[in-house]
Amino acid sequence: MSLFTVITFILFTIMVAVISWWKTRDDDLSTQDGYFLGGRSLTGIVIGGSLMLTNLSTEQMVGLNGQSYATNMGPMAWEATSTIALVILALVVLPKYLKSGITTIPDFLEERYDRKTKQIISILFLIGYVLTYLPTVLYSGALVLNQIFGIQQIFGTSQFTAVAITATAIGIIGAIYAIFGGLKAVAVSDTINGAGLLLGGLMIPILGLVALGHGNFSDGLNTLLTVHPEKLNSINPASSQSPLIPWPVLCTGLLFNNLFYWCTNQSIVQRTFGAKNLAEGQKGALIAGFLKLLGPFFLVLPGIIAFHLYGPTLGNNDLAYPKLILDVVPKPLLGFFAAVLFGAILSSFNSALNSAVTLYTLDIHRPVFNPEATDAHLVQIGKKFGTILAVASIAIAPFISYAPSGLYGYLQECFGFYNVPILAAVFVGFFSKKVPAIAPKVALLSHVVLYTISKFVASDVHFLYVLGVLFPVNVIIMLVIGKMKPRETDFEQVYTEQVDITPWKHAKTVSVIAIIIMICVYALFSKIGIAA
């Protein structure tokens with residue numbers, strides 16, 4: 001590790017922090033909307049960048065490239081098909097959310113069902129954040145930075161201890177952003193780091209192909225296309241086992257998983273709640289949809305390049321991307337790229353932490369412990385809870401190394417315990433007027449039981465097939481209950497006039513273009529394209 005690498009890393013990181021502070025220095029963080037929703041002032045570009053970087057972090061850069069290293073281009077499904085979910089967010093879901101002027105997803109569930117449903121879902125989100133998502137972000141980030149800076153060698157410790165040290169540093173800095181800066185500081189830093197991450201991320205496959213061609217990009221590309229062309233195929237047989245993704249789940253289980261993530265996951269959707277109006281929110285969602293189509297090229301393809309460079313000898317698939325970075329990025333640029341990765345890690349961590357704080361403070365603390373709390377008091381409670389959550393996540397992070405199914409597989413399978421019933425509750429809530437408050441509770445309980453049973457009696461069935469079956473089961477259960485025991489009065493959504501909900505006039509046209517490009521990307525990485 002050179003001194004220049006350390007200096008450039010520190011300078012870029014400080015630059016992002018200073019710009020974020022400057023952009024938000026006059027913001028009023030003492031109010032609920034100011035702290036948790038950026039004052040409902042976010043524009044389309046900021047929302048799009050923040051959505052992308054909140055989602056994009058080292059758990060994907062490490063996890064997806066690790067999967068492609070071990071398999072083929074199939075893991076690109078997690079990225080490319082997200083475009084469909086973001087189109088649905090822009091055209092269908094966001095107009096309904098902004099009509100109610102809500103701050104959290106559980107706010108809508110309270111409006112549609114009851115307070116108990118809201119609190120149950122808030123608790124599920126919090127459990128998911130503290131036990132899976134936040135520690136996974138810290139672990140994957142620590143894994144990469146540990147490789148770049150040689151933390152393990154510097155301290156002469158085991159990988160477990162080195163990860164613990166690095167995760168602690170990341171967690172502390174991320175918590176400072178989220179706890180003391182509020183949503184807008186998070187969103188501004190996301191946008192800056194997003195530009196750097198796209199530049200740096202797209203640089204890796206180019207440099208990787210140069211290394212594969214022994215200094216010649218064209219030779220490297222030729223090797224990629226002609227040696228093991230089957231690795232470039234993204235369409236896997238229906239019988240494929242995890243981590244491969246069978247083709248039938250692309251429009252079933254994977255679609256439901258993506259709809260949960262992009263349309264009902266608090267840490268993601270909170271960015272759009274901060275939009276100054278519906279049009280800007282739709283622009284942001286669709287910008288993110290286009291950015292996701294770049295994902296296969298820098299989140300999956302480098303894993304294929306790593307396979308060509310190193311063969312199947314790494315042992316731990318999740319080391320493919322960190323090793324590739326260390327080997328192909330020129331030393332003068334390593335500090336910059338490390339800073340960009342650090343920004344991506346911070347983005348996902350502090351965004352999820354900010355959302356968890358929002359959920360606890362507004363959905364649990366205020367209604368249960370202090371209904372008369374002032375905005376200033378709630379902000380203080382949020383900061384204290386965020387600190388506790390950050391410490392817990394840091395403590396759990398190193399143990400993610402023991403996950404049996406790999407980093408990304410572990411994260412997605414954990415989400416499977418609660419994602420589908422939350423999605424069902426929201427969508428049934430949108431499109432039905434008579435389904436009562438007991439319905440989502442029954443659906444949630446039945447889902448957890450059935451999903452758990454599937455881990456034992458259908459362990460050889462891909463978990464996305466299971467989700468593909470359980471989502472309609474959840475919907476049917478709720479609709480049947482609605483028939484048997486309907487609400488006493490029909491639900492009618494009220495427009496709160498918090499923001500203007502006039503849609504963007506080009507939203508539908510841009511959505512169609514995004515879907516067409518997604519299909520073209522899939523055709524490219526298939527047997528009718530370069531995997532022939």
# chains A, B, ... in the order shown; residues from 1 in each chain; ligands from 1
>>> residues_around(residues="A:Phe431", least_positions_apart="5", cutoff="12 Å", atoms="only C-alpha atoms", output="PDB file with C-alpha atoms, in the first residue's frame")
ATOM      1  CA  VAL A  92     -48.197   2.823 -10.360  1.00  0.00           C
ATOM      2  CA  VAL A  93     -46.844   2.900  -6.827  1.00  0.00           C
ATOM      3  CA  LYS A  96     -50.406   6.421  -4.556  1.00  0.00           C
ATOM      4  CA  ARG A 112     -55.116   1.241   4.858  1.00  0.00           C
ATOM      5  CA  ALA A 424     -48.873  -8.400  -0.868  1.00  0.00           C
ATOM      6  CA  ALA A 425     -50.179  -6.151   1.929  1.00  0.00           C
ATOM      7  CA  VAL A 426     -49.232  -2.992   0.023  1.00  0.00           C
ATOM      8  CA  VAL A 475     -52.725 -12.331  -2.098  1.00  0.00           C
ATOM      9  CA  MET A 478     -56.016 -11.709   1.917  1.00  0.00           C
ATOM     10  CA  LEU A 479     -58.715 -11.567  -0.767  1.00  0.00           C
ATOM     11  CA  ASP A 490     -64.848   0.755   2.105  1.00  0.00           C
ATOM     12  CA  PHE A 491     -61.331   2.203   2.163  1.00  0.00           C
ATOM     13  CA  GLU A 492     -60.982   5.533   0.372  1.00  0.00           C
ATOM     14  CA  GLN A 493     -57.537   7.082  -0.041  1.00  0.00           C
TER      15      GLN A 493
END
>>> residues_around(residues="A:Ala320", least_positions_apart="3", cutoff="6 Å", atoms="only C-alpha atoms", output="PDB file with N, CA and C atoms, in the first residue's frame")
ATOM      1  N   GLY A  66     -18.908 -12.328  -7.473  1.00  0.00           N
ATOM      2  CA  GLY A  66     -18.562 -13.645  -6.938  1.00  0.00           C
ATOM      3  C   GLY A  66     -19.441 -14.730  -7.526  1.00  0.00           C
ATOM      4  N   ASN A 317     -15.425 -17.478  -3.536  1.00  0.00           N
ATOM      5  CA  ASN A 317     -15.865 -16.756  -4.731  1.00  0.00           C
ATOM      6  C   ASN A 317     -15.943 -15.253  -4.502  1.00  0.00           C
ATOM      7  N   LYS A 323      -9.781  -9.105  -5.589  1.00  0.00           N
ATOM      8  CA  LYS A 323      -8.490  -9.474  -6.178  1.00  0.00           C
ATOM      9  C   LYS A 323      -8.307  -8.811  -7.543  1.00  0.00           C
TER      10      LYS A 323
END
>>> select_by_dssp(residues="stretch 20-153 of chain A", states="alpha helix (DSSP H)", output="ChimeraX atom specification")
/A:20-24,32-36,44-55,58-70,77-80,82-88,94-100,105-112,115-128,134-149,151-153
>>> closest_residue(among="A:Asn419, A:Val357, A:Ser454, A:Ser393", to="A:Val379", atoms="only C-alpha atoms")
A:Val357
>>> residues_around(residues="A:Val473", least_positions_apart="3", cutoff="10 Å", atoms="only C-alpha atoms", output="list in words")
Val420, Pro421, Ala424, Ala443, Ser446, His447, Leu467, Gly468, Val469, Leu470, Ile476, Ile477, Met478 and Leu479 of chain A
>>> closest_residue(among="A:Ile47, A:Ile172, A:Leu198, A:Val435", to="A:Val340", atoms="only C-alpha atoms")
A:Leu198
>>> closest_residue(among="A:Leu326, A:Ile204, A:Leu126, A:Val499", to="A:Phe385", atoms="only C-alpha atoms")
A:Leu126
>>> residues_around(residues="A:Trp247", least_positions_apart="5", cutoff="12 Å", atoms="only C-alpha atoms", output="PDB file with C-alpha atoms, in the first residue's frame")
ATOM      1  CA  GLY A  74     -27.069 -15.182 -14.916  1.00  0.00           C
ATOM      2  CA  PRO A  75     -26.678 -12.985 -11.793  1.00  0.00           C
ATOM      3  CA  MET A  76     -27.257  -9.938 -14.025  1.00  0.00           C
ATOM      4  CA  ALA A  77     -30.957 -10.727 -13.537  1.00  0.00           C
ATOM      5  CA  THR A  81     -34.877  -6.885 -14.292  1.00  0.00           C
ATOM      6  CA  ASN A 233     -24.937 -16.694 -21.151  1.00  0.00           C
ATOM      7  CA  SER A 234     -27.498 -15.156 -18.769  1.00  0.00           C
ATOM      8  CA  ILE A 235     -30.367 -17.567 -19.511  1.00  0.00           C
ATOM      9  CA  ASN A 236     -30.199 -20.652 -17.285  1.00  0.00           C
ATOM     10  CA  PRO A 237     -32.295 -23.867 -17.445  1.00  0.00           C
ATOM     11  CA  ALA A 238     -35.503 -24.095 -15.438  1.00  0.00           C
ATOM     12  CA  SER A 239     -33.957 -26.761 -13.196  1.00  0.00           C
ATOM     13  CA  SER A 240     -30.981 -24.599 -12.158  1.00  0.00           C
ATOM     14  CA  GLN A 241     -30.017 -24.505  -8.486  1.00  0.00           C
ATOM     15  CA  THR A 252     -42.307 -14.561 -11.209  1.00  0.00           C
ATOM     16  CA  GLY A 253     -40.270 -14.952  -8.015  1.00  0.00           C
ATOM     17  CA  LEU A 254     -37.502 -12.540  -9.034  1.00  0.00           C
ATOM     18  CA  LEU A 255     -40.048  -9.945 -10.171  1.00  0.00           C
ATOM     19  CA  HIS A 462     -34.731 -22.568  -5.791  1.00  0.00           C
ATOM     20  CA  LEU A 464     -37.213 -17.733  -6.021  1.00  0.00           C
ATOM     21  CA  TYR A 465     -39.594 -20.494  -7.152  1.00  0.00           C
ATOM     22  CA  TYR A 522     -30.692  -9.800 -22.294  1.00  0.00           C
ATOM     23  CA  SER A 526     -27.658 -15.015 -24.502  1.00  0.00           C
TER      24      SER A 526
END
>>> residues_around(residues="A:Thr8", least_positions_apart="6", cutoff="8 Å", atoms="only C-alpha atoms", output="short mmCIF file (atom, residue, chain, number, x, y, z; two decimals) with C-alpha atoms, in the first residue's frame")
data_model
loop_
_atom_site.label_atom_id
_atom_site.label_comp_id
_atom_site.auth_asym_id
_atom_site.auth_seq_id
_atom_site.Cartn_x
_atom_site.Cartn_y
_atom_site.Cartn_z
CA GLY A 335 -6.82 5.51 -3.83
CA PHE A 336 -9.54 7.19 -5.92
CA ALA A 339 -12.65 6.22 -2.00
#
>>> closest_residue(among="A:Val6, A:Leu232, A:Leu109, A:Val227", to="A:Phe337", atoms="only C-alpha atoms")
A:Val6
>>> residues_around(residues="A:Phe298", least_positions_apart="5", cutoff="7 Å", atoms="only C-alpha atoms", output="short mmCIF file (atom, residue, chain, number, x, y, z; two decimals) with N, CA and C atoms, in the first residue's frame")
data_model
loop_
_atom_site.label_atom_id
_atom_site.label_comp_id
_atom_site.auth_asym_id
_atom_site.auth_seq_id
_atom_site.Cartn_x
_atom_site.Cartn_y
_atom_site.Cartn_z
N GLY A 201 -16.45 2.02 -11.63
CA GLY A 201 -16.97 0.66 -11.85
C GLY A 201 -16.84 0.23 -13.29
N LEU A 202 -17.16 1.13 -14.23
CA LEU A 202 -17.05 0.79 -15.64
C LEU A 202 -15.59 0.68 -16.09
N ILE A 204 -13.29 -0.95 -14.40
CA ILE A 204 -12.76 -2.26 -14.01
C ILE A 204 -12.83 -3.29 -15.13
N PRO A 205 -13.99 -3.48 -15.80
CA PRO A 205 -13.99 -4.47 -16.90
C PRO A 205 -13.05 -4.09 -18.05
#
>>> closest_residue(among="A:Ile453, A:Leu319, A:Val442, A:Ala169", to="A:Asn474", atoms="only C-alpha atoms")
A:Val442
